[in-house]
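First the structure, in the form of structure tokens, and then the observations on it.
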Amino acid sequence: MKSLRVVLLVIGTAVLLSAVVNAPREYNPELSIRYSRDLVWILLLVMGCSRIAIGRMVAAIATILWLMALVFEWVRSVGVTAMSQEPLLYDAYFLIGHLYNLMSDLMGYRAQAMFAGVVVAMTVIGGATAWLFRRIQLQHADAPWPIHAVTAALVVGMAAGAEQWGNVEGKNSLFDASHNVVDSASVHGDIARGISPDAYREIRDLKLGEHRPSVHIYIVESYGNGIQRHTIRDGYYTMVDGIEERLEAAGWAVRTGLSEAPVMGGRSWLADATLLSGRLIKYESVYRHFLPHLATIATVPGFFKDNGYQTVLMRHNDRARPGLPLQNFFEFEHTVFQKEVGYEGPAYGWAGIPDQYALGHLRDEVLPGIWGSPHFVFVHLASSHIPWDDVPPLVSDWRSLDGKEGGRSGAQDAPLTEKQIKYQLKRFKRKETVRLRRLKPSAENVEDYLTSVSYSLEAVMQHVLALEQPPDLVVVMGDHQPPLYKKNTDFSVPVHVMATDPSYLREFRKRGFRKGMRPTSRSKRIRHEGFFSVLVRALARPHFKDLPPYRRHGTQAASKRAGSSQGGQTR
């Protein structure tokens, strides 16, 4: 009878703890049934060491190892549920807090109860596991060796049978977790090596003095090189050729090239951060780790601020949300977010506020206050954001868009939907191709895409031509390719630079930019992380003989090549 109790105790423990691994399947039935192979080895270890003096210690260590394996499997399940991908633990570190905030926004107090339930469950499971392993250790200490052999054979046989005949997937959880930790440490180390206060020492040391040209950068959402798709290419060329003619008639010289973005289809903030920091930022974990260092390293806004510029950031779609606080990470002196724009008219598309209205507010309400100083303005537009099915009209007076009667002005403040929350979680997805595929191209949505981008480009062109004091250099570019073309492997976006003094365009010509508004070939593209050095060299070239080095790959060129000039730095 005692022998039977020993066998039942071991088998019951194996079944119970294997069932715990599959607890997340209650929330996502699509998760595969699995067990941790480590449980087999842990049980064998506890039984095998039961007769020796350190048997109790082994049972305690086994409890810790099993809980580590269980936590890893649960984290892996959450990653598969949220991102359809097993997460890097370094990403999961950021995902947990973000997931809590987003679920709280969706579920309110129920999300808090759910997370509290997880903590309670882990505590109960930990206590139960410790008790079971200790009971197994005590029971086997007095059991004859044949019982040891029987229970060991049953545990191994159950695992092998479940995987072979039960359509159950076995995972070496601790082995996988250790590899994940190593990969996470590698990513963390790569980030740390890339963050160096001296990475742009030459740029930090450059002082523009009395030659301080004002610079505006306008980011057109989802404006990618896919705009040259054969079905809409002619319409696109007709549109940009018309803009070029009007700009040249007004005294602007225009050059156009391509820049390779770090992401595709979404996650604009990573593209912006790469552009403004001069460091490749492809993943959310890299971005989160990078943010605390922004005050200590050279950045585009920091460079201008150090040279006595007024710096302005406008992201008119940004507002504080639960779990998504509104923050000015790059420390712009002036910020214009949704609240400051004060739009109360009808909400158009995903953005809500039309680009033309936001640009009009910037031009007539914000910029006049800084006309007396050199200034750097960074604007991220939003009307060309997917789904491209509600393009605002272009009007003669931007204020007329703010029809205060009966609009959908509250749409921007509605609670996040479940679909929106799932989309937010996709930001943690880690893929070397860093692609986000969401749409199949059709004749209709490709034309809608062209219409939306055309609207934003036209709004920017009208805005620039209407400026009371035009800046010396204007950059209009995309952030990333649209989530449109399934098999697209091109990450590049068009970049248009314009100046009334062509000498500020020399550096861009040197980097392969050509006259006009039509993009160049991909072979001549720059990169988002190299844009920082290109921009500073462009401003310095007309006035300085010694230019900072061109860093095609940003700070990574310095860290990986140890200052080598091959491919990374050129004069």
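How things are named: the first chain in the structure tokens is A, the next is B, and so on; residues count from 1 in each chain; ligands count from 1 in the order shown.
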May I have the residues within 10 Å of segment 335-351 of chain A as number ranges by chain, using only C-alpha atoms and disregarding those fewer than 6 positions away in the same chain? A: 311-320, 326-328, 357-362, 365-366, 377-379, 381-393, 399-412
Closest-contact table, segment 103-185 of chain A side, partner segment 20-28 of chain A, 12 Å, counting only C-alpha atoms, as a Markdown table:
```
| residue | atom | partner | partner_atom | distance |
| --- | --- | --- | --- | --- |
| A:Met114 | CA | A:Tyr27 | CA | 11.5 |
| A:Val118 | CA | A:Ala23 | CA | 10.6 |
| A:Ala121 | CA | A:Val20 | CA | 10.1 |
| A:Met122 | CA | A:Val20 | CA | 10.2 |
| A:Val124 | CA | A:Val20 | CA | 11.6 |
| A:Ile125 | CA | A:Val20 | CA | 8.5 |
| A:Gly126 | CA | A:Val20 | CA | 11.3 |
| A:Ala128 | CA | A:Val20 | CA | 11.7 |
| A:Thr129 | CA | A:Val20 | CA | 10.9 |
| A:Val168 | CA | A:Asn22 | CA | 10.8 |
| A:Glu169 | CA | A:Asn22 | CA | 11.0 |
| A:Gly170 | CA | A:Val21 | CA | 10.9 |
| A:Lys171 | CA | A:Val21 | CA | 10.7 |
| A:Ser173 | CA | A:Val21 | CA | 10.6 |
```
With distances taken over only C-alpha atoms, which of A:Ala199, A:Leu457, A:Ile526, A:Val286 is nearest to Lys510 of chain A? A:Ile526
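Between atom CA of Leu539 of chain A and atom CA of Glu244 of chain A the interatomic distance comes to 22.4 Å.
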